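Quick look at structure_25.txt (compact mmCIF, C-alpha atoms):
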# COMPACT_ATOMS: atom_id res chain seq x y z
CA MET J 1 -54.31 -4.58 7.60
CA SER J 2 -53.25 -5.45 4.09
CA ASP J 3 -51.98 -1.93 3.34
CA CYS J 4 -49.42 -2.10 6.15
CA VAL J 5 -46.14 -4.02 6.35
CA MET J 6 -44.31 -5.22 9.46
CA LEU J 7 -40.57 -4.97 9.68
CA SER J 8 -37.81 -4.92 12.27
CA VAL J 9 -35.62 -1.83 12.74
CA ASN J 10 -32.68 -2.43 15.06
CA ASP J 11 -34.57 -5.35 16.62
CA ALA J 12 -37.75 -3.32 17.26
CA GLN J 13 -40.89 -4.37 15.38
CA MET J 14 -42.81 -1.66 13.57
CA SER J 15 -45.62 -1.27 11.10
CA VAL J 16 -45.56 1.18 8.22
CA PRO J 17 -47.97 1.88 5.35
CA ALA J 18 -47.26 -0.20 2.25
CA GLY J 19 -45.02 1.67 -0.15
CA THR J 20 -42.97 3.35 2.58
CA THR J 21 -39.24 3.55 1.93
CA VAL J 22 -36.85 2.09 4.47
CA ALA J 23 -35.41 5.60 5.00
CA VAL J 24 -38.82 6.81 6.13
CA ALA J 25 -39.25 3.80 8.39
CA LEU J 26 -35.91 4.59 10.01
CA ALA J 27 -36.89 8.23 10.49
CA THR J 28 -40.24 7.16 11.97
CA ALA J 29 -38.39 4.87 14.38
CA GLY J 30 -35.97 7.66 15.28
CA ALA J 31 -33.00 5.57 14.13
CA ASN J 32 -29.84 6.75 12.39
CA CYS J 33 -28.84 5.16 9.13
CA ARG J 34 -25.08 4.96 9.54
CA SER J 35 -22.14 6.55 11.34
CA SER J 36 -19.22 8.36 9.81
CA ILE J 37 -15.69 7.13 10.42
CA THR J 38 -15.52 9.48 13.43
CA GLY J 39 -18.86 8.31 14.78
CA GLN J 40 -21.09 11.15 13.60
CA PRO J 41 -24.65 10.08 12.73
CA ARG J 42 -25.62 10.08 9.06
CA GLY J 43 -28.97 10.03 7.32
CA PRO J 44 -30.64 10.67 3.97
CA LEU J 45 -29.36 13.83 2.31
CA CYS J 46 -30.37 13.61 -1.33
CA GLY J 47 -33.21 11.13 -1.06
CA MET J 48 -32.54 9.90 -4.58
CA GLY J 49 -29.77 7.32 -4.24
CA ILE J 50 -26.82 9.52 -5.08
CA CYS J 51 -25.26 10.59 -1.78
CA PHE J 52 -25.00 7.14 -0.16
CA GLU J 53 -25.50 8.68 3.30
CA CYS J 54 -28.64 6.66 4.05
CA ARG J 55 -27.04 3.24 3.89
CA VAL J 56 -28.16 0.51 6.27
CA THR J 57 -27.87 -3.26 6.50
CA ILE J 58 -30.99 -4.99 5.18
CA ASN J 59 -31.45 -8.73 5.70
CA GLY J 60 -27.71 -9.03 6.34
CA GLN J 61 -26.65 -7.16 3.22
CA ALA J 62 -24.52 -4.14 4.19
CA HIS J 63 -24.62 -0.72 2.55
CA CYS J 64 -28.15 -0.77 1.11
CA ARG J 65 -29.47 2.67 0.20
CA SER J 66 -32.56 2.97 2.39
CA CYS J 67 -34.06 5.83 0.38
CA GLN J 68 -34.32 3.58 -2.67
CA ILE J 69 -35.81 0.49 -1.07
CA ILE J 70 -39.47 -0.11 -0.20
CA CYS J 71 -40.27 -1.82 3.11
CA GLN J 72 -41.27 -5.48 2.84
CA ASN J 73 -42.95 -7.73 5.37
CA GLY J 74 -40.39 -9.40 7.64
CA MET J 75 -37.53 -7.16 6.58
CA ASP J 76 -34.63 -6.92 9.05
CA VAL J 77 -33.14 -3.42 8.99
CA ARG J 78 -30.07 -2.41 10.99
CA SER J 79 -28.21 0.87 11.31
CA GLU J 80 -24.56 0.69 10.31
CA MET C 1 23.92 33.11 -5.93
CA SER C 2 22.56 29.65 -5.31
CA LEU C 3 21.25 28.03 -2.13
CA SER C 4 23.52 25.39 -0.67
CA TYR C 5 22.73 22.21 1.25
CA ASP C 6 24.54 19.12 2.48
CA ALA C 7 22.00 16.99 0.61
CA ILE C 8 19.24 17.58 -1.90
CA ILE C 9 16.77 14.72 -2.04
CA ILE C 10 14.71 14.54 -5.21
CA GLY C 11 11.35 12.89 -4.57
CA ALA C 12 9.07 13.30 -1.55
CA GLY C 13 7.70 9.78 -1.55
CA ILE C 14 8.26 7.49 1.37
CA VAL C 15 11.84 6.71 0.29
CA GLY C 16 12.79 10.37 -0.04
CA ALA C 17 11.05 11.12 3.25
CA ALA C 18 12.92 8.32 5.00
CA CYS C 19 16.23 9.59 3.57
CA ALA C 20 15.44 13.09 4.88
CA TYR C 21 14.57 11.62 8.27
CA GLU C 22 17.82 9.67 8.43
CA LEU C 23 20.21 12.27 7.00
CA SER C 24 18.81 15.05 9.20
CA ARG C 25 19.15 12.73 12.19
CA ARG C 26 22.86 12.62 11.38
CA GLY C 27 23.12 16.38 11.41
CA MET C 28 23.01 17.09 7.67
CA ARG C 29 21.30 20.16 6.20
CA VAL C 30 18.74 18.63 3.90
CA ILE C 31 16.12 19.77 1.41
CA VAL C 32 13.52 17.47 -0.12
CA VAL C 33 12.10 18.54 -3.46
CA ASP C 34 9.14 17.20 -5.41
CA ARG C 35 7.52 18.60 -8.51
CA GLU C 36 4.04 17.45 -7.50
CA MET C 37 3.34 16.76 -3.84
CA VAL C 38 4.39 14.83 -0.76
CA ALA C 39 3.70 11.11 -1.15
CA GLY C 40 1.84 11.54 -4.43
CA GLY C 41 3.36 8.73 -6.49
CA ALA C 42 3.71 5.05 -5.70
CA THR C 43 3.58 5.91 -1.98
CA ALA C 44 -0.04 6.98 -2.28
CA ALA C 45 -0.96 4.22 -4.69
CA GLY C 46 0.44 1.22 -2.82
CA MET C 47 -1.04 -1.01 -0.17
CA GLY C 48 1.30 -0.25 2.73
CA HIS C 49 2.14 -3.86 3.42
CA VAL C 50 5.36 -4.11 5.47
CA VAL C 51 6.24 -7.64 4.46
CA VAL C 52 9.25 -9.92 4.77
CA MET C 53 10.01 -11.43 1.37
CA ASP C 54 12.18 -14.34 0.30
CA ASP C 55 12.74 -14.10 -3.45
CA SER C 56 16.47 -13.82 -2.74
CA GLU C 57 18.76 -13.56 0.28
CA ALA C 58 19.33 -9.90 -0.51
CA GLN C 59 15.62 -9.20 -0.71
CA PHE C 60 15.04 -11.04 2.54
CA ALA C 61 17.85 -9.18 4.33
CA LEU C 62 16.55 -5.77 3.28
CA THR C 63 12.87 -6.44 4.01
CA ARG C 64 13.55 -8.02 7.40
CA TYR C 65 16.01 -5.31 8.44
CA SER C 66 13.51 -2.66 7.43
CA GLN C 67 10.61 -4.36 9.16
CA LYS C 68 12.62 -4.31 12.39
CA LEU C 69 13.27 -0.60 11.89
CA TRP C 70 9.51 -0.05 11.53
CA GLN C 71 8.97 -2.02 14.73
CA GLN C 72 11.48 0.19 16.52
CA LEU C 73 9.84 3.35 15.19
CA ARG C 74 6.35 2.24 16.09
CA PRO C 75 6.11 3.95 19.53
CA GLU C 76 6.87 7.30 17.89
CA LEU C 77 4.54 6.98 14.91
CA ALA C 78 1.53 9.25 14.69
CA GLU C 79 -1.88 7.61 15.08
CA ASP C 80 -2.81 8.33 11.46
CA VAL C 81 -0.02 6.03 10.24
CA GLU C 82 -2.45 3.24 11.25
CA TYR C 83 0.29 0.77 12.16
CA GLU C 84 -1.31 -2.67 12.58
CA THR C 85 0.56 -5.93 13.11
CA CYS C 86 -2.13 -7.92 11.33
CA GLY C 87 0.25 -10.50 9.86
CA THR C 88 0.30 -12.02 6.40
CA ILE C 89 -1.20 -15.31 5.32
CA TRP C 90 0.26 -16.77 2.14
CA VAL C 91 -2.68 -18.79 0.82
CA ALA C 92 -2.02 -22.16 -0.80
CA ALA C 93 -4.66 -23.38 -3.24
CA ASP C 94 -3.33 -26.91 -3.71
CA GLU C 95 -0.73 -29.43 -2.58
CA GLN C 96 1.91 -28.00 -4.90
CA GLU C 97 1.53 -24.64 -3.22
CA MET C 98 1.63 -26.35 0.20
CA GLN C 99 5.12 -27.52 -0.71
CA GLU C 100 5.97 -23.86 -1.21
CA VAL C 101 4.42 -23.14 2.22
CA ARG C 102 6.77 -25.66 3.82
CA ARG C 103 9.77 -24.28 1.93
CA LYS C 104 8.96 -20.74 3.05
CA HIS C 105 8.42 -21.96 6.61
CA ASP C 106 11.92 -23.48 6.62
CA PHE C 107 13.48 -20.45 4.94
CA TYR C 108 12.00 -18.00 7.42
CA GLY C 109 12.53 -20.30 10.38
CA THR C 110 16.27 -20.69 9.81
CA ARG C 111 16.54 -16.90 9.57
CA GLY C 112 14.69 -16.09 12.77
CA VAL C 113 11.28 -15.13 11.40
CA PRO C 114 8.44 -16.92 13.18
CA THR C 115 5.81 -18.47 10.93
CA GLU C 116 3.04 -21.01 11.33
CA ILE C 117 1.87 -23.58 8.79
CA LEU C 118 -1.93 -23.69 8.50
CA ASP C 119 -3.91 -26.62 7.17
CA GLU C 120 -7.28 -26.15 5.48
CA HIS C 121 -9.08 -26.06 8.82
CA GLY C 122 -6.60 -23.65 10.41
CA LEU C 123 -6.88 -21.33 7.44
CA ARG C 124 -10.68 -21.30 7.60
CA ASN C 125 -10.54 -20.63 11.35
CA LEU C 126 -8.44 -17.51 10.83
CA GLU C 127 -10.25 -16.26 7.72
CA PRO C 128 -13.75 -17.74 7.51
CA HIS C 129 -14.65 -15.92 4.29
CA LEU C 130 -12.07 -17.77 2.18
CA ARG C 131 -13.66 -20.36 -0.07
CA ASP C 132 -13.85 -24.05 0.75
CA GLY C 133 -11.25 -26.40 -0.59
CA LEU C 134 -8.10 -24.34 -0.23
CA ALA C 135 -5.13 -26.42 0.90
CA GLY C 136 -3.82 -24.17 3.68
CA GLY C 137 -1.33 -21.41 4.10
CA LEU C 138 1.57 -19.84 5.93
CA LEU C 139 0.92 -17.29 8.68
CA VAL C 140 3.67 -14.69 9.11
CA PRO C 141 2.46 -12.94 12.27
CA GLU C 142 5.01 -10.11 12.42
CA ASP C 143 4.09 -8.57 9.05
CA VAL C 144 2.50 -5.15 9.35
CA VAL C 145 0.11 -2.83 7.54
CA ILE C 146 0.57 0.96 7.58
CA TYR C 147 -0.99 3.92 5.76
CA PRO C 148 1.90 5.07 3.56
CA PRO C 149 1.02 8.72 2.81
CA CYS C 150 0.78 9.49 6.51
CA ALA C 151 3.95 7.51 7.21
CA ALA C 152 5.81 9.61 4.63
CA SER C 153 4.37 12.82 6.09
CA PHE C 154 5.42 11.72 9.56
CA LEU C 155 9.01 11.05 8.45
CA LEU C 156 9.17 14.39 6.65
CA ALA C 157 7.75 16.27 9.63
CA ARG C 158 10.40 14.75 11.90
CA ALA C 159 13.09 15.78 9.41
CA GLN C 160 11.63 19.30 9.28
CA GLU C 161 11.76 19.52 13.08
CA ARG C 162 15.50 18.96 12.69
CA GLY C 163 15.78 21.74 10.14
CA ALA C 164 15.13 19.94 6.86
CA GLN C 165 13.36 21.96 4.19
CA LEU C 166 10.71 20.96 1.70
CA ARG C 167 10.18 22.45 -1.75
CA VAL C 168 7.10 21.30 -3.64
CA GLY C 169 6.04 22.55 -7.05
CA PRO C 170 9.04 23.57 -9.13
CA SER C 171 10.55 20.81 -11.23
CA VAL C 172 14.19 19.86 -11.58
CA SER C 173 15.45 20.09 -15.15
CA SER C 174 18.87 18.55 -14.60
CA MET C 175 21.21 17.48 -11.83
CA GLY C 176 24.79 16.42 -11.26
CA LYS C 177 28.22 17.55 -10.09
CA GLY C 178 26.75 18.96 -6.91
CA ARG C 179 24.21 21.13 -8.72
CA VAL C 180 20.45 20.92 -9.18
CA HIS C 181 19.04 23.09 -11.95
CA TRP C 182 15.41 24.13 -11.91
CA SER C 183 13.21 24.63 -14.89
CA ASP C 184 12.93 28.34 -14.03
CA GLY C 185 16.71 28.68 -14.50
CA SER C 186 17.71 28.85 -10.83
CA GLU C 187 20.05 26.37 -9.20
CA PHE C 188 20.84 24.84 -5.81
CA ALA C 189 24.21 23.47 -4.72
CA ALA C 190 24.75 20.43 -2.52
CA GLY C 191 27.42 18.08 -1.32
CA ILE C 192 25.29 15.21 -2.49
CA ILE C 193 22.13 14.74 -4.53
CA VAL C 194 19.88 11.77 -3.82
CA ASN C 195 17.68 10.60 -6.68
CA ALA C 196 14.66 9.15 -4.89
CA ALA C 197 12.17 9.81 -7.65
CA GLY C 198 10.82 6.26 -7.86
CA ALA C 199 9.52 5.31 -11.29
CA TRP C 200 10.41 8.81 -12.51
CA ALA C 201 14.10 8.53 -11.52
CA THR C 202 14.89 7.97 -15.20
CA ASP C 203 13.54 11.42 -16.13
CA LEU C 204 16.78 12.82 -14.72
CA MET C 205 18.98 9.75 -15.33
CA PRO C 206 17.75 7.80 -18.39
CA GLU C 207 20.72 5.44 -18.08
CA LEU C 208 19.23 3.83 -14.95
CA GLY C 209 17.06 1.42 -16.91
CA ILE C 210 14.19 1.53 -14.42
CA LYS C 211 10.86 0.56 -15.92
CA LYS C 212 7.40 1.59 -14.81
CA ARG C 213 5.34 -1.35 -13.65
CA LYS C 214 1.72 -0.36 -13.42
CA GLY C 215 -0.56 -1.60 -10.65
CA HIS C 216 -4.27 -1.31 -9.83
CA LEU C 217 -6.05 -1.29 -6.50
CA VAL C 218 -9.70 -1.19 -5.49
CA ILE C 219 -11.04 -0.16 -2.08
CA THR C 220 -14.41 -1.18 -0.71
CA GLU C 221 -16.89 0.36 1.63
CA ARG C 222 -16.52 -0.48 5.34
CA TYR C 223 -17.05 -4.13 6.27
CA PRO C 224 -15.71 -4.32 9.84
CA ASP C 225 -14.36 -7.69 11.02
CA PHE C 226 -14.71 -9.29 7.61
CA LEU C 227 -10.95 -9.72 7.18
CA ARG C 228 -8.20 -9.95 9.81
CA HIS C 229 -4.92 -10.58 7.96
CA GLN C 230 -3.32 -9.51 4.73
CA LEU C 231 -3.99 -12.44 2.41
CA VAL C 232 -1.80 -13.14 -0.61
CA GLU C 233 -2.15 -16.11 -2.92
CA LEU C 234 1.02 -18.12 -3.40
CA GLY C 235 0.34 -18.04 -7.09
CA TYR C 236 1.36 -14.39 -6.64
CA LEU C 237 4.95 -15.53 -6.84
CA LYS C 238 4.41 -16.83 -10.35
CA SER C 239 2.56 -13.73 -11.50
CA ALA C 240 4.81 -11.19 -9.80
CA HIS C 241 7.85 -12.74 -11.44
CA SER C 242 6.49 -12.70 -14.93
CA VAL C 243 8.40 -9.98 -16.73
CA THR C 244 6.52 -10.15 -19.98
CA SER C 245 2.79 -10.55 -19.54
CA ASP C 246 0.20 -8.62 -17.55
CA SER C 247 -0.75 -10.47 -14.40
CA VAL C 248 -3.23 -10.31 -11.54
CA ALA C 249 -3.17 -11.98 -8.13
CA PHE C 250 -5.44 -12.32 -5.11
CA ASN C 251 -4.09 -9.90 -2.52
CA VAL C 252 -6.43 -8.34 0.05
CA GLN C 253 -5.77 -6.18 3.07
CA PRO C 254 -7.89 -5.10 6.05
CA ARG C 255 -7.80 -1.37 6.75
CA ARG C 256 -8.41 0.09 10.19
CA THR C 257 -11.61 1.70 8.88
CA GLY C 258 -13.06 -1.72 8.09
CA GLN C 259 -12.49 -1.17 4.39
CA ILE C 260 -10.90 -3.90 2.28
CA LEU C 261 -8.11 -3.04 -0.11
CA ILE C 262 -8.20 -5.40 -3.08
CA GLY C 263 -5.21 -6.05 -5.37
CA SER C 264 -3.16 -6.70 -7.24
CA SER C 265 -2.01 -6.29 -10.84
CA ARG C 266 1.29 -5.92 -12.65
CA GLN C 267 1.77 -4.51 -16.13
CA TYR C 268 4.81 -3.45 -18.11
CA GLY C 269 4.58 -1.01 -20.97
CA ALA C 270 1.38 0.63 -19.73
CA GLU C 271 2.36 4.25 -19.22
CA HIS C 272 -1.10 5.80 -18.97
CA LYS C 273 -2.53 6.48 -15.53
CA GLU C 274 -6.10 5.57 -16.38
CA VAL C 275 -7.73 2.52 -14.85
CA ASP C 276 -7.76 -0.43 -17.29
CA HIS C 277 -11.19 -1.94 -16.85
CA GLU C 278 -10.16 -5.30 -18.21
CA ILE C 279 -7.40 -5.55 -15.61
CA VAL C 280 -9.73 -4.49 -12.79
CA VAL C 281 -12.29 -7.08 -13.85
CA ARG C 282 -9.62 -9.79 -13.93
CA MET C 283 -8.32 -8.69 -10.55
CA LEU C 284 -11.75 -8.75 -8.93
CA GLN C 285 -12.59 -12.09 -10.51
CA ARG C 286 -9.40 -13.49 -9.05
CA GLY C 287 -10.41 -12.08 -5.68
CA ARG C 288 -13.83 -13.72 -5.89
CA GLU C 289 -12.25 -17.07 -6.72
CA TYR C 290 -10.58 -17.00 -3.31
CA MET C 291 -13.16 -14.99 -1.38
CA PRO C 292 -16.62 -15.24 -2.98
CA ALA C 293 -18.18 -12.68 -0.61
CA LEU C 294 -16.06 -9.96 -2.18
CA GLY C 295 -18.50 -10.14 -5.06
CA LYS C 296 -21.29 -8.71 -2.90
CA MET C 297 -19.28 -5.77 -1.64
CA LEU C 298 -19.50 -2.16 -2.67
CA ALA C 299 -16.29 -0.74 -4.07
CA VAL C 300 -15.86 2.99 -3.70
CA ARG C 301 -12.72 3.67 -5.72
CA ALA C 302 -10.17 2.17 -8.07
CA TRP C 303 -6.81 3.72 -8.95
CA THR C 304 -3.43 3.00 -10.45
CA GLY C 305 0.21 3.59 -9.61
CA PHE C 306 3.65 2.91 -11.02
CA ARG C 307 6.28 0.75 -9.35
CA ALA C 308 9.93 1.44 -10.16
CA ALA C 309 11.12 -1.92 -11.46
CA THR C 310 14.76 -2.91 -11.92
CA PRO C 311 15.88 -5.88 -14.03
CA ASP C 312 17.14 -7.88 -11.02
CA LYS C 313 14.24 -6.91 -8.73
CA LEU C 314 16.48 -5.26 -6.16
CA PRO C 315 16.56 -1.53 -5.44
CA LEU C 316 19.42 0.82 -6.29
CA ILE C 317 20.88 2.20 -3.05
CA GLY C 318 24.21 4.02 -2.88
CA PRO C 319 26.63 6.11 -4.91
CA TRP C 320 26.28 6.42 -8.68
CA PRO C 321 29.64 5.58 -10.27
CA GLY C 322 29.37 8.28 -12.90
CA ASP C 323 29.24 11.22 -10.45
CA LYS C 324 30.55 11.22 -6.89
CA THR C 325 27.91 13.74 -5.79
CA VAL C 326 24.99 11.58 -6.94
CA TYR C 327 23.41 8.84 -4.84
CA LEU C 328 20.44 6.64 -5.70
CA ALA C 329 17.54 5.47 -3.58
CA THR C 330 15.06 4.10 -6.07
CA GLY C 331 14.01 0.95 -7.93
CA HIS C 332 12.03 -0.53 -5.05
CA GLU C 333 9.29 -2.08 -7.24
CA GLY C 334 6.46 -3.16 -4.92
CA LEU C 335 8.50 -3.02 -1.73
CA GLY C 336 9.22 0.67 -1.26
CA ILE C 337 7.01 1.06 1.79
CA THR C 338 8.59 -1.95 3.47
CA THR C 339 12.18 -1.12 2.63
CA SER C 340 12.15 2.69 2.86
CA LEU C 341 13.63 2.81 6.37
CA ALA C 342 16.41 0.30 5.62
CA THR C 343 17.17 2.08 2.36
CA ALA C 344 17.66 5.35 4.22
CA ARG C 345 19.82 3.68 6.89
CA ILE C 346 22.07 2.02 4.32
CA LEU C 347 22.33 5.16 2.26
CA ALA C 348 23.20 7.33 5.28
CA ASP C 349 25.79 4.79 6.43
CA GLN C 350 27.45 4.94 3.02
CA ILE C 351 27.37 8.74 2.94
CA CYS C 352 28.85 8.92 6.43
CA GLY C 353 31.45 6.23 5.70
CA LEU C 354 30.05 3.88 8.34
CA PRO C 355 29.62 0.10 8.07
CA ALA C 356 26.03 -0.95 7.41
CA GLU C 357 24.23 -3.56 9.50
CA ILE C 358 23.56 -5.79 6.49
CA PRO C 359 25.70 -6.50 3.40
CA ILE C 360 25.05 -3.68 0.93
CA GLU C 361 26.70 -5.04 -2.21
CA PRO C 362 23.49 -6.44 -3.77
CA TYR C 363 21.92 -2.98 -3.82
CA LEU C 364 24.85 -0.93 -5.10
CA PRO C 365 23.98 1.03 -8.24
CA SER C 366 27.30 0.11 -9.87
CA ARG C 367 25.75 -3.23 -10.85
CA ALA C 368 23.37 -1.37 -13.17
CA LEU C 369 26.34 -0.56 -15.36
CA GLN C 370 27.48 -4.17 -15.50
CA GLU C 371 24.27 -5.80 -16.59
CA PRO C 372 23.72 -5.83 -20.33
CA SER C 373 20.00 -6.32 -19.75
CA HIS C 374 19.82 -2.70 -18.64
CA VAL C 375 20.64 -1.23 -22.04
Just give me the structure as structure tokens.
Amino acid sequence: MSDCVMLSVNDAQMSVPAGTTVAVALATAGANCRSSITGQPRGPLCGMGICFECRVTINGQAHCRSCQIICQNGMDVRSE
Amino acid sequence: MSLSYDAIIIGAGIVGAACAYELSRRGMRVIVVDREMVAGGATAAGMGHVVVMDDSEAQFALTRYSQKLWQQLRPELAEDVEYETCGTIWVAADEQEMQEVRRKHDFYGTRGVPTEILDEHGLRNLEPHLRDGLAGGLLVPEDVVIYPPCAASFLLARAQERGAQLRVGPSVSSMGKGRVHWSDGSEFAAGIIVNAAGAWATDLMPELGIKKRKGHLVITERYPDFLRHQLVELGYLKSAHSVTSDSVAFNVQPRRTGQILIGSSRQYGAEHKEVDHEIVVRMLQRGREYMPALGKMLAVRAWTGFRAATPDKLPLIGPWPGDKTVYLATGHEGLGITTSLATARILADQICGLPAEIPIEPYLPSRALQEPSHV
């Protein structure tokens, strides 16, 4: 389907509607975004790129704000 | 009626804290005073690199002695001091700097400090994110990284367990002849007064001739396993010794959190606390020249601090000739974290009339009166 994109979230393949943010893909997959320094799970708080709590590693680049990035075909997303 | 102590220590940075730790250990009734906060000056601003240096025999003796004292204290240190024996690598960019690597290797080796010369391949093996084409480096495996504010708090807490007091907030308006006067008009009496106020030591004793030497640091987000050692360019020696111009050098440190601390800069005559963007840009550019991947990292904070610089680059430790109740423990420039413990030991030995474990003459404050460059 052309209005879906395939991506990998923590090594699991998934399909999401085109235009979905990475934060939503992570939530759909039930994955955390990052962990605090004491190991507590973190996820999107503000949803507008300010709080930095939704950061993940995308295609090897650490600390990408998942709420501000649209899923692309073949994207490799990893929790931090 | 005024309160009375054996010693009043002015300044609750790591040097003042170490003095309180040492003097209380020797049974003295001590109070540490600071007009702002514990560890709020250069102690909070610095990197926390416990490093053996070789600019001079006196500098080597003090840094090595102090590093051994840190090693001895390690089993007692609280976890939040983040003591890590990560080692230093002095990075050589070219063959000229490799000559300096070999000289340092010999210098340290003949004085009992183990080091290892790295060629280009060895350097890349230990730190794969350094750029291609560097000549090599010198690994000093016993150098340490700590988190200075927590180290100062630890030393103060130990002193307080032995009865030392802490007074934060009120400011000292003048001191001398066994008296400390506060800006609210009250006074304390003491057998001795230790000026450990770092770059602000001259507020109470303008004749000391200590200058503020401003530095910048940047800290990144967490990038675990990116960096393993403290890396310092050997060109640092040239820039750190320049007494006239502003300078930057590649100097990066791995923190236990996975964050990278990026330095360093040195400026004279810059008295404002604000971050100088031009300096930060130069500092980060220098970092990227050595470690290109730094350019893709997220920085979360930049800040400044003031080193207490003396004309001969050695600290002032011991009695002040003008007043037998006044002792100095300041002027540590960029080495206050490293040398705090040795400073306190030497100072306490002098106060107690005991022989010190290293020659103390190079650090005696009396030399400040003999050097015309101080006036």
Exercise for the section: Counting all atoms listed in the file, collect the residues of chain C whose closest atom lies at most 10 Å from chain J, and write them out as a PyMOL selection string. Expected result: chain C and resi 221-223+257-258+296-298
Taking a cut-off of 7 Å and counting only C-alpha atoms, can you build a table that, for each residue of stretch 117-192 of chain C near stretch 43-52 of chain C, reports the nearest atom pair and how far apart they are in Å (one decimal), sorted by chain then residue number, as a Markdown table?
| residue | atom | partner | partner_atom | distance |
| --- | --- | --- | --- | --- |
| C:Asp143 | CA | C:Val51 | CA | 5.2 |
| C:Val144 | CA | C:Val50 | CA | 4.9 |
| C:Val145 | CA | C:His49 | CA | 4.7 |
| C:Ile146 | CA | C:Gly48 | CA | 5.1 |
| C:Tyr147 | CA | C:Gly48 | CA | 5.6 |
| C:Pro148 | CA | C:Gly48 | CA | 5.4 |
| C:Pro149 | CA | C:Ala44 | CA | 5.5 |
Checklist entry - Could you name the residues that touch C:Ala348 at 8 Å or less, counting all atoms listed in the file, but leaving out those on the same chain fewer than 3 positions away, as number ranges by chain? => result C: 19, 22-23, 344-345, 351-352
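Take atom CA of C:Val248 and atom CA of C:Glu278: the distance between them is 10.8 Å.
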| message | Just checking: using only C-alpha atoms, which residue out of J:Thr28, J:Asn10, J:Ser79, J:Ser15 ends up closest to J:Thr57? | response |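 Ranked by minimum distance to J:Thr57, first place goes to J:Ser79.
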Neighbours of point (19.5, 28.9, -14.1) within 12 Å, using only C-alpha atoms, written as a PDB file with C-alpha atoms, keeping the file's coordinate frame:
ATOM      1  CA  MET C   1      23.920  33.110  -5.930  1.00  0.00           C
ATOM      2  CA  SER C   2      22.560  29.650  -5.310  1.00  0.00           C
ATOM      3  CA  VAL C 172      14.190  19.860 -11.580  1.00  0.00           C
ATOM      4  CA  SER C 173      15.450  20.090 -15.150  1.00  0.00           C
ATOM      5  CA  SER C 174      18.870  18.550 -14.600  1.00  0.00           C
ATOM      6  CA  MET C 175      21.210  17.480 -11.830  1.00  0.00           C
ATOM      7  CA  ARG C 179      24.210  21.130  -8.720  1.00  0.00           C
ATOM      8  CA  VAL C 180      20.450  20.920  -9.180  1.00  0.00           C
ATOM      9  CA  HIS C 181      19.040  23.090 -11.950  1.00  0.00           C
ATOM     10  CA  TRP C 182      15.410  24.130 -11.910  1.00  0.00           C
ATOM     11  CA  SER C 183      13.210  24.630 -14.890  1.00  0.00           C
ATOM     12  CA  ASP C 184      12.930  28.340 -14.030  1.00  0.00           C
ATOM     13  CA  GLY C 185      16.710  28.680 -14.500  1.00  0.00           C
ATOM     14  CA  SER C 186      17.710  28.850 -10.830  1.00  0.00           C
ATOM     15  CA  GLU C 187      20.050  26.370  -9.200  1.00  0.00           C
ATOM     16  CA  PHE C 188      20.840  24.840  -5.810  1.00  0.00           C
ATOM     17  CA  ALA C 189      24.210  23.470  -4.720  1.00  0.00           C
TER      18      ALA C 189
END
Output, as AutoDock Vina command-line options, the centre and edge lengths in Å (one decimal) of the axis-aligned box that contains all listed atoms of stretch 159-169 of chain C with 3 Å of margin on each side.
--center_x 10.9 --center_y 19.2 --center_z 3.0 --size_x 15.7 --size_y 12.8 --size_z 26.1
**Request:** Choose the residue, out of C:Ile346, C:Val140, C:Ala270, C:Met98, that has the smallest atom-to-atom separation from C:Ser245; count all atoms listed in the file.
**Result:**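 Nearest to C:Ser245: C:Ala270.
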**Prompt:** What is the distance between atom CA of C:Ile260 and atom CA of C:Phe226, in Å to one decimal?
**Reply:**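 Rounded to one decimal, the two atoms are 8.5 Å apart.
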Q. So how many Å separate atom CA of C:Thr85 and atom CA of C:Thr115, to one decimal?
A.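 Going from atom CA of C:Thr85 over to atom CA of C:Thr115 covers 13.8 Å.
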* To do: May I ask which of the residues J:Met6, J:Ala12, J:Ala18, J:Cys67 is the closest one to J:Cys51, counting all atoms listed in the file?
  =>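 Between J:Met6, J:Ala12, J:Ala18, J:Cys67, the residue approaching J:Cys51 most closely is J:Cys67.
Residues lying within 10 Å of C:Ala17, counting all atoms listed in the file and ignoring same-chain neighbours fewer than 4 positions away, are Ile9, Ile10, Gly11, Ala12, Gly13, Tyr21, Glu22, Leu23, Val32, Val38, Ala39, Ala151, Ala152, Ser153, Phe154, Leu155, Leu156, Ala157, Arg158, Ala159, Leu166, Ala196, Ser340, Leu341 and Ala344 of chain C.
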- Determine the nearest neighbour of C:Ser171 from the options C:Glu127, C:Asp55, C:Glu233, C:Glu36, counting all atoms listed in the file.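 Among the listed residues, the smallest separation from C:Ser171 belongs to C:Glu36.
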Near J:Asn32, within 9 Å and counting only C-alpha atoms, which residues show up once chain neighbours fewer than 4 positions away are dropped, as a PyMOL selection string?
-> chain J and resi 26-27+41-43+54+56+79-80
| task | Counting all atoms listed in the file, write as a list in words all protein and nucleic acid residues lying at most 10 Å from (-3.3, 6.7, 14.1) in the file's frame. | result |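 The residues near that point, listed by chain and number, are Leu77, Ala78, Glu79, Asp80, Val81, Glu82, Tyr83, Glu84, Ile146, Tyr147, Cys150 and Arg256 of chain C.
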* Could you tell me which of C:Trp320, C:Trp90, C:Trp70, C:Phe306 comes closest to C:Trp200 if we count all atoms listed in the file? =>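 Closest to C:Trp200 of all the choices is C:Phe306.
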Handout entry: Selection: 6 Å around C:Leu316, only C-alpha atoms, excl. self and same-chain fewer than 3 positions, as JSON, numbers by chain
Key = {"C": [328, 329, 330, 331, 363, 364, 365]}
